[in-house]
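A.B. asks: Contents of coords.cif (mmCIF, C-alpha atoms and all ligand atoms) are below:
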data_input
loop_
_atom_site.label_atom_id
_atom_site.label_comp_id
_atom_site.auth_asym_id
_atom_site.auth_seq_id
_atom_site.Cartn_x
_atom_site.Cartn_y
_atom_site.Cartn_z
CA MET A 1 0.00 0.00 0.00
CA SER A 2 1.26 3.49 -0.65
CA GLU A 3 3.11 5.49 2.01
CA ASN A 4 0.65 8.34 2.42
CA LYS A 5 -2.26 6.19 3.54
CA THR A 6 -3.77 6.81 6.95
CA ASN A 7 -2.59 4.41 9.62
CA ILE A 8 -5.12 2.13 11.24
CA ASN A 9 -3.90 1.72 14.78
CA TRP A 10 -6.04 0.63 17.67
CA TYR A 11 -4.43 -0.62 20.85
CA PRO A 12 -6.54 0.23 23.89
CA GLY A 13 -5.17 -0.13 27.43
CA HIS A 14 -7.05 -3.32 28.23
CA MET A 15 -5.01 -5.14 25.58
CA THR A 16 -1.73 -4.21 27.29
CA LYS A 17 -3.14 -5.52 30.57
CA ALA A 18 -4.46 -8.69 28.92
CA ARG A 19 -1.11 -9.40 27.32
CA ARG A 20 0.68 -9.10 30.67
CA GLU A 21 -1.83 -11.36 32.39
CA MET A 22 -1.66 -13.94 29.63
CA GLU A 23 2.11 -14.02 29.96
CA GLU A 24 1.63 -14.85 33.65
CA LYS A 25 -1.15 -17.40 33.21
CA ILE A 26 0.34 -19.33 30.29
CA LYS A 27 2.40 -21.35 32.78
CA LEU A 28 -0.82 -22.82 34.18
CA VAL A 29 -2.13 -24.27 30.94
CA ASP A 30 -1.38 -27.49 29.04
CA MET A 31 -2.18 -26.15 25.61
CA VAL A 32 -3.47 -23.23 23.56
CA ILE A 33 -6.50 -23.02 21.29
CA GLU A 34 -5.56 -20.30 18.84
CA LEU A 35 -8.45 -18.86 16.87
CA ARG A 36 -7.89 -17.33 13.48
CA ASP A 37 -10.48 -15.97 11.08
CA ALA A 38 -11.18 -18.47 8.28
CA ARG A 39 -11.49 -15.55 5.84
CA ALA A 40 -7.95 -14.37 6.59
CA PRO A 41 -5.85 -17.10 8.19
CA LEU A 42 -2.63 -15.10 7.78
CA SER A 43 -3.66 -11.60 8.77
CA SER A 44 -5.44 -12.96 11.82
CA ILE A 45 -2.28 -14.54 13.23
CA ASN A 46 -1.19 -12.39 16.13
CA PRO A 47 2.62 -12.47 16.47
CA VAL A 48 2.32 -11.30 20.09
CA LEU A 49 0.14 -14.30 20.96
CA ALA A 50 2.54 -16.66 19.20
CA GLU A 51 5.28 -15.31 21.45
CA ILE A 52 3.17 -15.76 24.57
CA SER A 53 2.18 -19.34 23.76
CA GLY A 54 5.79 -20.36 23.05
CA ASN A 55 6.11 -24.13 22.68
CA LYS A 56 2.77 -25.09 24.19
CA PRO A 57 0.88 -27.66 22.09
CA LYS A 58 -1.53 -25.77 19.90
CA LEU A 59 -4.88 -26.37 18.23
CA ILE A 60 -5.57 -23.87 15.45
CA VAL A 61 -9.24 -23.10 14.83
CA LEU A 62 -10.26 -21.27 11.68
CA ALA A 63 -13.45 -19.65 12.97
CA LYS A 64 -16.40 -18.25 11.00
CA LYS A 65 -15.97 -20.89 8.32
CA ASP A 66 -19.55 -20.17 7.24
CA LYS A 67 -18.51 -16.68 6.10
CA ALA A 68 -15.47 -17.82 4.11
CA ASP A 69 -15.09 -19.41 0.68
CA ASN A 70 -15.34 -23.13 1.44
CA GLU A 71 -12.86 -24.29 -1.17
CA VAL A 72 -10.24 -21.81 -0.01
CA THR A 73 -10.74 -22.84 3.62
CA THR A 74 -10.20 -26.49 2.70
CA SER A 75 -6.89 -25.54 1.07
CA TRP A 76 -5.82 -23.59 4.17
CA ILE A 77 -6.54 -26.60 6.39
CA LYS A 78 -4.55 -28.86 4.06
CA GLN A 79 -1.65 -26.44 4.17
CA LEU A 80 -1.70 -26.14 7.95
CA GLU A 81 -1.83 -29.92 8.30
CA SER A 82 1.03 -30.42 5.88
CA ASP A 83 3.01 -27.94 8.02
CA GLY A 84 2.42 -30.31 10.95
CA CYS A 85 -0.25 -28.20 12.73
CA LYS A 86 -3.43 -29.55 14.24
CA ALA A 87 -6.17 -27.45 12.70
CA LEU A 88 -9.97 -27.35 12.39
CA ALA A 89 -12.25 -25.03 10.44
CA LEU A 90 -15.53 -24.40 12.25
CA ASP A 91 -18.81 -22.57 12.20
CA LEU A 92 -18.78 -21.94 15.94
CA LEU A 93 -22.51 -21.29 16.04
CA LYS A 94 -23.70 -24.38 14.15
CA ASP A 95 -21.09 -27.16 14.13
CA ASN A 96 -20.82 -29.78 16.85
CA VAL A 97 -18.15 -27.63 18.48
CA SER A 98 -18.31 -29.34 21.84
CA LYS A 99 -17.34 -32.76 20.51
CA LEU A 100 -14.91 -31.53 17.87
CA ILE A 101 -12.95 -29.32 20.26
CA SER A 102 -12.97 -31.79 23.18
CA ASP A 103 -11.78 -34.62 20.92
CA ALA A 104 -9.04 -32.45 19.41
CA CYS A 105 -7.83 -31.38 22.88
CA LEU A 106 -7.85 -34.96 24.16
CA ASP A 107 -5.91 -36.07 21.12
CA LEU A 108 -3.32 -33.30 21.47
CA MET A 109 -2.92 -34.13 25.17
CA LYS A 110 -3.13 -37.90 24.87
CA GLU A 111 0.17 -38.51 26.69
CA LYS A 112 -0.90 -36.49 29.72
CA VAL A 113 -4.29 -38.25 29.73
CA ALA A 114 -2.67 -41.69 29.45
CA LYS A 115 -0.29 -40.92 32.33
CA GLY A 116 -3.13 -39.70 34.55
CA LYS A 117 -5.27 -42.72 33.77
CA ALA A 118 -2.32 -45.02 34.52
CA ARG A 119 -2.18 -43.37 37.96
CA GLY A 120 -5.84 -44.26 38.45
CA LEU A 121 -7.39 -40.84 37.84
CA LYS A 122 -10.96 -40.94 36.54
CA HIS A 123 -10.74 -37.55 34.88
CA VAL A 124 -7.53 -35.93 33.74
CA GLU A 125 -8.29 -32.26 33.36
CA ILE A 126 -6.93 -30.50 30.29
CA LYS A 127 -6.39 -26.78 30.71
CA ALA A 128 -6.38 -24.69 27.54
CA MET A 129 -6.01 -20.97 26.98
CA VAL A 130 -8.24 -19.68 24.18
CA THR A 131 -6.49 -16.91 22.30
CA GLY A 132 -7.02 -14.79 19.22
CA ILE A 133 -7.57 -11.33 17.81
CA PRO A 134 -10.66 -9.34 18.85
CA ASN A 135 -14.11 -10.54 17.71
CA VAL A 136 -12.77 -13.76 16.18
CA GLY A 137 -15.12 -15.95 18.27
CA LYS A 138 -13.18 -16.98 21.42
CA SER A 139 -16.08 -16.55 23.86
CA THR A 140 -18.50 -18.12 21.37
CA LEU A 141 -16.26 -21.18 21.13
CA ILE A 142 -16.28 -21.51 24.93
CA ASN A 143 -20.08 -21.19 25.04
CA SER A 144 -20.51 -23.75 22.28
CA VAL A 145 -18.13 -26.22 23.92
CA SER A 146 -19.96 -25.90 27.23
CA ARG A 147 -23.36 -25.81 25.48
CA ARG A 148 -24.38 -22.87 27.66
CA LYS A 149 -23.89 -19.11 27.54
CA ARG A 150 -21.06 -18.83 30.02
CA ALA A 151 -19.11 -15.99 28.45
CA LYS A 152 -20.35 -12.66 27.10
CA THR A 153 -20.28 -12.36 23.30
CA ALA A 154 -21.23 -9.59 20.86
CA ASP A 155 -20.46 -8.63 17.30
CA HIS A 156 -17.91 -5.93 18.01
CA PRO A 157 -14.28 -6.14 19.11
CA GLY A 158 -13.26 -5.62 22.74
CA VAL A 159 -16.12 -7.48 24.47
CA THR A 160 -14.11 -9.72 26.83
CA ARG A 161 -12.00 -7.59 29.18
CA ASN A 162 -10.66 -10.09 31.69
CA LEU A 163 -9.15 -13.55 31.77
CA SER A 164 -11.41 -16.20 33.27
CA TRP A 165 -11.49 -19.97 33.68
CA ILE A 166 -14.58 -21.78 32.49
CA LYS A 167 -14.88 -25.47 33.25
CA VAL A 168 -16.67 -26.83 30.21
CA SER A 169 -16.67 -30.55 31.09
CA PRO A 170 -15.12 -32.90 33.65
CA ASP A 171 -12.13 -33.20 31.28
CA VAL A 172 -11.64 -29.69 29.95
CA ALA A 173 -11.25 -26.20 31.41
CA LEU A 174 -10.93 -23.29 29.01
CA MET A 175 -9.55 -19.86 29.79
CA ASP A 176 -11.33 -17.03 27.98
CA THR A 177 -9.05 -14.12 27.13
CA PRO A 178 -9.61 -10.64 25.72
CA GLY A 179 -8.87 -10.20 22.02
CA VAL A 180 -5.42 -8.76 21.56
CA LEU A 181 -3.90 -6.89 18.64
CA TRP A 182 -0.40 -5.54 18.37
CA PRO A 183 0.69 -1.95 18.93
CA LYS A 184 1.62 -1.02 15.37
CA PHE A 185 0.68 -2.43 12.00
CA ASP A 186 3.70 -2.35 9.72
CA ASP A 187 1.60 -3.69 6.92
CA GLN A 188 -1.50 -1.64 6.07
CA LYS A 189 -3.02 -4.50 4.11
CA THR A 190 -3.19 -6.60 7.28
CA ALA A 191 -5.01 -3.81 9.12
CA ILE A 192 -7.50 -3.41 6.29
CA ILE A 193 -8.23 -7.13 6.15
CA LEU A 194 -8.73 -7.23 9.92
CA ALA A 195 -11.15 -4.33 9.58
CA LEU A 196 -13.07 -6.31 6.96
CA CYS A 197 -13.26 -9.22 9.39
CA GLY A 198 -14.63 -6.93 12.13
CA SER A 199 -11.58 -7.22 14.38
CA ILE A 200 -10.68 -3.53 14.43
CA LYS A 201 -13.13 -0.99 15.79
CA GLU A 202 -14.99 0.73 12.99
CA ASP A 203 -14.61 4.32 14.13
CA VAL A 204 -10.80 4.19 13.90
CA LEU A 205 -10.98 3.26 10.21
CA PRO A 206 -10.53 5.32 7.08
CA ILE A 207 -13.57 3.52 5.75
CA ASP A 208 -13.22 4.59 2.12
CA GLU A 209 -9.75 3.02 1.95
CA VAL A 210 -11.04 -0.23 3.36
CA VAL A 211 -13.95 -0.34 0.92
CA ASN A 212 -11.65 0.58 -1.98
CA TYR A 213 -9.41 -2.32 -1.13
CA ALA A 214 -12.38 -4.68 -0.76
CA LEU A 215 -13.98 -3.69 -4.06
CA ASN A 216 -10.69 -4.03 -5.93
CA TYR A 217 -10.19 -7.48 -4.47
CA LEU A 218 -13.79 -8.58 -5.04
CA SER A 219 -13.79 -7.43 -8.65
CA ARG A 220 -10.72 -9.62 -9.21
CA GLN A 221 -11.66 -12.69 -7.15
CA TYR A 222 -15.45 -12.63 -6.90
CA PRO A 223 -16.82 -10.48 -9.77
CA GLU A 224 -19.97 -12.59 -10.00
CA LEU A 225 -20.86 -11.93 -6.36
CA LEU A 226 -20.59 -8.18 -6.92
CA LYS A 227 -22.65 -8.28 -10.09
CA LYS A 228 -25.30 -10.46 -8.50
CA ARG A 229 -25.62 -8.48 -5.29
CA TYR A 230 -25.65 -5.01 -6.80
CA GLY A 231 -26.78 -5.55 -10.38
CA ILE A 232 -23.80 -3.69 -11.86
CA GLU A 233 -21.73 -4.47 -14.91
CA ASP A 234 -18.91 -1.90 -14.74
CA LEU A 235 -16.30 -3.31 -12.37
CA SER A 236 -13.43 -1.33 -13.87
CA SER A 237 -12.60 0.61 -10.67
CA PRO A 238 -13.86 0.98 -7.08
CA ASP A 239 -15.27 4.42 -8.00
CA ALA A 240 -17.21 2.94 -10.92
CA ILE A 241 -18.55 0.18 -8.66
CA ILE A 242 -19.56 2.58 -5.90
CA ALA A 243 -21.22 4.92 -8.41
CA GLY A 244 -23.08 1.96 -9.91
CA ILE A 245 -24.25 0.81 -6.49
CA ALA A 246 -25.31 4.29 -5.40
CA ASP A 247 -27.22 4.72 -8.63
CA ASN A 248 -28.94 1.34 -8.52
CA ARG A 249 -29.88 1.66 -4.88
CA LYS A 250 -30.96 5.30 -5.35
CA LEU A 251 -28.46 6.48 -2.75
CA LEU A 252 -28.52 10.05 -3.97
CA ASP A 253 -27.31 13.28 -2.39
CA TYR A 254 -29.41 16.44 -2.17
CA GLU A 255 -28.47 17.36 -5.74
CA GLY A 256 -29.62 14.01 -7.04
CA ASP A 257 -26.09 12.68 -7.71
CA PRO A 258 -24.89 9.31 -6.42
CA ASP A 259 -24.05 9.68 -2.70
CA PHE A 260 -20.60 8.10 -2.39
CA ASP A 261 -20.37 8.35 1.41
CA LYS A 262 -23.64 6.57 1.98
CA ALA A 263 -22.76 3.90 -0.57
CA VAL A 264 -19.32 3.37 0.97
CA SER A 265 -20.50 2.90 4.55
CA LEU A 266 -23.35 0.65 3.49
CA ARG A 267 -20.98 -1.47 1.40
CA PHE A 268 -18.53 -1.78 4.26
CA ARG A 269 -21.20 -3.21 6.53
CA GLU A 270 -22.57 -5.59 3.92
CA ILE A 271 -19.16 -6.94 2.94
CA LYS A 272 -18.10 -7.35 6.57
CA ASN A 273 -21.31 -9.13 7.53
CA GLY A 274 -21.12 -11.57 4.65
CA VAL A 275 -24.22 -10.24 2.87
CA VAL A 276 -22.34 -10.11 -0.44
CA GLY A 277 -21.44 -13.79 -0.16
CA ASN A 278 -18.79 -16.16 1.13
CA ILE A 279 -15.49 -14.40 0.77
CA SER A 280 -11.91 -15.36 1.65
CA TRP A 281 -9.55 -12.40 1.77
CA GLU A 282 -6.44 -14.56 1.61
CA ARG A 283 -5.61 -17.72 -0.34
CA PRO A 284 -2.81 -20.16 0.25
CA ASP A 285 -2.08 -20.39 -3.48
CA GLU A 286 -1.16 -16.74 -3.98
CA ASP A 287 1.47 -14.31 -2.82
CA ASN A 288 -0.47 -12.74 0.02
CA LYS A 289 1.93 -9.88 0.62
N1 LIG B 301 -21.16 -16.52 11.45
C1 LIG B 301 -20.41 -16.79 12.52
N2 LIG B 301 -20.37 -15.92 13.54
C2 LIG B 301 -19.59 -16.22 14.60
C3 LIG B 301 -18.82 -17.40 14.67
N3 LIG B 301 -18.13 -17.37 15.82
C4 LIG B 301 -18.48 -16.24 16.46
N4 LIG B 301 -19.36 -15.54 15.74
C5 LIG B 301 -19.94 -14.23 16.06
O1 LIG B 301 -18.86 -13.31 16.14
C6 LIG B 301 -19.10 -12.32 17.12
C7 LIG B 301 -17.93 -12.22 18.08
O2 LIG B 301 -17.88 -13.39 18.87
P1 LIG B 301 -17.18 -13.40 20.31
O3 LIG B 301 -17.20 -14.80 20.77
O4 LIG B 301 -17.75 -12.35 21.20
O5 LIG B 301 -15.69 -12.99 19.90
P2 LIG B 301 -14.43 -12.83 20.88
O6 LIG B 301 -13.26 -13.39 20.13
O7 LIG B 301 -14.71 -13.41 22.21
O8 LIG B 301 -14.30 -11.25 20.93
P3 LIG B 301 -13.58 -10.28 22.04
O9 LIG B 301 -13.98 -10.76 23.39
O10 LIG B 301 -14.13 -8.94 21.70
O11 LIG B 301 -12.13 -10.39 21.76
C8 LIG B 301 -20.43 -12.71 17.78
O12 LIG B 301 -21.45 -11.94 17.19
C9 LIG B 301 -20.57 -14.18 17.45
O13 LIG B 301 -21.93 -14.61 17.38
C10 LIG B 301 -18.88 -18.32 13.57
O14 LIG B 301 -18.22 -19.35 13.50
N5 LIG B 301 -19.69 -17.95 12.52
MG MG B 302 -14.70 -12.56 24.06
#
Would you write out, as structure tokens, the structure that this file holds?
Ligand SMILES: Nc1nc2c(ncn2[C@@H]2O[C@H](COP(=O)(O)OP(=O)(O)OP(=O)(O)O)[C@@H](O)[C@H]2O)c(=O)[nH]1
Ligand SMILES: [Mg+2]

C.D. replies:
Amino acid sequence: MSENKTNINWYPGHMTKARREMEEKIKLVDMVIELRDARAPLSSINPVLAEISGNKPKLIVLAKKDKADNEVTTSWIKQLESDGCKALALDLLKDNVSKLISDACLDLMKEKVAKGKARGLKHVEIKAMVTGIPNVGKSTLINSVSRRKRAKTADHPGVTRNLSWIKVSPDVALMDTPGVLWPKFDDQKTAIILALCGSIKEDVLPIDEVVNYALNYLSRQYPELLKKRYGIEDLSSPDAIIAGIADNRKLLDYEGDPDFDKAVSLRFREIKNGVVGNISWERPDEDNK
């Protein structure tokens, strides 16, 4: 991205506190469940969290699978597995999350479980810290595993503010953690993609830049989705697309011209919420930089 673009930086105080507390609490856990967004499995890796989790065994969960392009998600899982990672792609609201996560944790921790059972223990408790960027679905995963609403969830980043243990079954205890970002984005593209996934607060965004990026990408990768959703043919530039949308949807300003601002903010919301269709912002088969 060019140099003169506005920086998207959002690092509220509770994230500094969460990071410090996670560094302390990591010693208490057997493993980490690291959530990434299935639509952007690279941009949603938090290097700070990777540092905190160190060598702990890790289960990678690509969350919000239902919003991503299924074929692309399958390729990401294949790639992660061929890199030796244990990874699952999930719709945390609909899949059988409880069984899938418990089984994966038991499998990852099978040596500890076998040792405990050999010592005569009926239940060998597995302790896992659930980590990930804001709004990726950490608290939802915990609720789905425990089949009850134990943790607060909402569709905006920064909902969970404190670390807390939630015993989800006789065998598994999960630690909910606040979503954490990193203090400075060196790569603007990462920040934009995280904004499109809803992991950066909306009011710190230069929204027109984000939508520009999205429309450029969609016209290359998913032109049919754009045409179908908005009934437009001219995909030659983001401006042409926005003008087409504003015109078709009769988003007009007081002089009767297409209202770009209205069209941009509406588009942002629709793209982010998956109304346009199933979209993956990153693919394993391309140079994602
Ligand atoms: N479609 C879909 N929505 C999901 C999925 N997982 C979570 N969500 C939604 O995403 C939003 C954020 O979920 P949370 O569980 O609060 O996310 P979090 O990672 O705990 O967020 P913070 O506590 O803010 O860091 C909620 O509206 C969830 O319903 C999923 O797999 N698919
Ligand atoms: Mg949460």

A.B. asks: Pick the closest to ligand MG 302 (chain B) from A:Ala240, A:Ala18, A:Ile271, A:Ala263: which is it, counting all atoms listed in the file?

C.D. replies: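 Residue with the minimum atom-to-atom distance to ligand MG 302 (chain B): A:Ala18.
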
A.B. asks: Select, from A:Asn143, A:Val72, A:Val48, A:Ile242, the residue with the minimum atom-to-atom distance to Lys94 in chain A, counting only C-alpha atoms.

C.D. replies: A:Asn143

A.B. asks: Of the candidates A:Ser265, A:Asn278, A:Ser199, A:Ser139, which one gets nearest to Gln221 in chain A if we count all atoms listed in the file?

C.D. replies: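 With all atoms listed in the file as the atom set, the closest residue is A:Asn278.
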
A.B. asks: Hey, can you check how far CA of Asn273 in chain A sits from CA of Leu251 in chain A?

C.D. replies: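 For CA of Asn273 in chain A relative to CA of Leu251 in chain A, the distance reads 20.0 Å.
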
A.B. asks: Quick one: residues within 8 Å of range 58-63 of chain A, only C-alpha atoms counted, chain neighbours fewer than 5 positions away excluded, as a PDB file with C-alpha atoms, in the coordinates of the input?

C.D. replies:
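What ended up in part.pdb:
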ATOM      1  CA  MET A  31      -2.180 -26.150  25.610  1.00  0.00           C
ATOM      2  CA  VAL A  32      -3.470 -23.230  23.560  1.00  0.00           C
ATOM      3  CA  ILE A  33      -6.500 -23.020  21.290  1.00  0.00           C
ATOM      4  CA  GLU A  34      -5.560 -20.300  18.840  1.00  0.00           C
ATOM      5  CA  LEU A  35      -8.450 -18.860  16.870  1.00  0.00           C
ATOM      6  CA  ARG A  36      -7.890 -17.330  13.480  1.00  0.00           C
ATOM      7  CA  ASP A  37     -10.480 -15.970  11.080  1.00  0.00           C
ATOM      8  CA  ALA A  38     -11.180 -18.470   8.280  1.00  0.00           C
ATOM      9  CA  PRO A  41      -5.850 -17.100   8.190  1.00  0.00           C
ATOM     10  CA  CYS A  85      -0.250 -28.200  12.730  1.00  0.00           C
ATOM     11  CA  LYS A  86      -3.430 -29.550  14.240  1.00  0.00           C
ATOM     12  CA  ALA A  87      -6.170 -27.450  12.700  1.00  0.00           C
ATOM     13  CA  LEU A  88      -9.970 -27.350  12.390  1.00  0.00           C
ATOM     14  CA  ALA A  89     -12.250 -25.030  10.440  1.00  0.00           C
ATOM     15  CA  LEU A  90     -15.530 -24.400  12.250  1.00  0.00           C
ATOM     16  CA  ASP A  91     -18.810 -22.570  12.200  1.00  0.00           C
ATOM     17  CA  LEU A  92     -18.780 -21.940  15.940  1.00  0.00           C
ATOM     18  CA  ALA A 104      -9.040 -32.450  19.410  1.00  0.00           C
ATOM     19  CA  CYS A 105      -7.830 -31.380  22.880  1.00  0.00           C
ATOM     20  CA  LEU A 108      -3.320 -33.300  21.470  1.00  0.00           C
ATOM     21  CA  VAL A 136     -12.770 -13.760  16.180  1.00  0.00           C
ATOM     22  CA  GLY A 137     -15.120 -15.950  18.270  1.00  0.00           C
TER      23      GLY A 137
END

A.B. asks: Residues at most 12 Å from Lys227 in chain A, counting only C-alpha atoms, excluding those fewer than 3 positions away in the same chain, as an mmCIF file with C-alpha atoms, in the coordinates of the input?

C.D. replies:
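The new file result-v8.cif reads:
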data_model
loop_
_atom_site.group_PDB
_atom_site.id
_atom_site.type_symbol
_atom_site.label_atom_id
_atom_site.label_comp_id
_atom_site.auth_asym_id
_atom_site.auth_seq_id
_atom_site.Cartn_x
_atom_site.Cartn_y
_atom_site.Cartn_z
ATOM 1 C CA LEU A 215 -13.980 -3.690 -4.060
ATOM 2 C CA LEU A 218 -13.790 -8.580 -5.040
ATOM 3 C CA SER A 219 -13.790 -7.430 -8.650
ATOM 4 C CA TYR A 222 -15.450 -12.630 -6.900
ATOM 5 C CA PRO A 223 -16.820 -10.480 -9.770
ATOM 6 C CA GLU A 224 -19.970 -12.590 -10.000
ATOM 7 C CA TYR A 230 -25.650 -5.010 -6.800
ATOM 8 C CA GLY A 231 -26.780 -5.550 -10.380
ATOM 9 C CA ILE A 232 -23.800 -3.690 -11.860
ATOM 10 C CA GLU A 233 -21.730 -4.470 -14.910
ATOM 11 C CA ASP A 234 -18.910 -1.900 -14.740
ATOM 12 C CA LEU A 235 -16.300 -3.310 -12.370
ATOM 13 C CA ILE A 241 -18.550 0.180 -8.660
ATOM 14 C CA GLY A 244 -23.080 1.960 -9.910
ATOM 15 C CA ILE A 245 -24.250 0.810 -6.490
ATOM 16 C CA ASN A 248 -28.940 1.340 -8.520
ATOM 17 C CA VAL A 276 -22.340 -10.110 -0.440
ATOM 18 C CA GLY A 277 -21.440 -13.790 -0.160
#

A.B. asks: Which one of A:Lys65, A:Lys27, A:Lys201, A:Arg39 sits closest to ligand LIG 301 (chain B) if you count all atoms listed in the file?

C.D. replies: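 Closest residue, counting all atoms listed in the file: A:Lys65.
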
A.B. asks: Which of these, A:Arg148, A:Lys64, A:Lys127, A:Lys17, has the shortest distance to Val113 in chain A once you count all atoms listed in the file?

C.D. replies: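 Ranked by minimum distance to Val113 in chain A, first place goes to A:Lys127.
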
A.B. asks: Using only C-alpha atoms for the distances, tell me which of A:Val211, A:Val275, A:Ile193, A:Ala114 is nearest to Lys262 in chain A.

C.D. replies: A:Val211

A.B. asks: Which residues of chain A come within 12 Å of ligand MG 302 (chain B), and for each one, what is the closest pair of atoms and their distance in Å to one decimal, counting only C-alpha atoms and all ligand atoms, sorted by chain and residue number, as a Markdown table?

C.D. replies:
| residue | atom | partner | partner_atom | distance |
| --- | --- | --- | --- | --- |
| A:Ala18 | CA | B:MG302 | MG | 12.0 |
| A:Leu35 | CA | B:MG302 | MG | 11.4 |
| A:Val130 | CA | B:MG302 | MG | 9.6 |
| A:Thr131 | CA | B:MG302 | MG | 9.5 |
| A:Gly132 | CA | B:MG302 | MG | 9.3 |
| A:Ile133 | CA | B:MG302 | MG | 9.6 |
| A:Pro134 | CA | B:MG302 | MG | 7.3 |
| A:Asn135 | CA | B:MG302 | MG | 6.7 |
| A:Val136 | CA | B:MG302 | MG | 8.2 |
| A:Gly137 | CA | B:MG302 | MG | 6.7 |
| A:Lys138 | CA | B:MG302 | MG | 5.4 |
| A:Ser139 | CA | B:MG302 | MG | 4.2 |
| A:Thr140 | CA | B:MG302 | MG | 7.3 |
| A:Leu141 | CA | B:MG302 | MG | 9.2 |
| A:Ile142 | CA | B:MG302 | MG | 9.1 |
| A:Asn143 | CA | B:MG302 | MG | 10.2 |
| A:Lys149 | CA | B:MG302 | MG | 11.8 |
| A:Arg150 | CA | B:MG302 | MG | 10.7 |
| A:Ala151 | CA | B:MG302 | MG | 7.1 |
| A:Lys152 | CA | B:MG302 | MG | 6.4 |
| A:Thr153 | CA | B:MG302 | MG | 5.6 |
| A:Ala154 | CA | B:MG302 | MG | 7.9 |
| A:Asp155 | CA | B:MG302 | MG | 9.7 |
| A:His156 | CA | B:MG302 | MG | 9.5 |
| A:Pro157 | CA | B:MG302 | MG | 8.1 |
| A:Gly158 | CA | B:MG302 | MG | 7.2 |
| A:Val159 | CA | B:MG302 | MG | 5.3 |
| A:Thr160 | CA | B:MG302 | MG | 4.0 |
| A:Arg161 | CA | B:MG302 | MG | 7.6 |
| A:Asn162 | CA | B:MG302 | MG | 9.0 |
| A:Leu163 | CA | B:MG302 | MG | 9.6 |
| A:Ser164 | CA | B:MG302 | MG | 10.4 |
| A:Met175 | CA | B:MG302 | MG | 10.6 |
| A:Asp176 | CA | B:MG302 | MG | 6.8 |
| A:Thr177 | CA | B:MG302 | MG | 6.6 |
| A:Pro178 | CA | B:MG302 | MG | 5.7 |
| A:Gly179 | CA | B:MG302 | MG | 6.6 |
| A:Val180 | CA | B:MG302 | MG | 10.3 |
| A:Ser199 | CA | B:MG302 | MG | 11.5 |
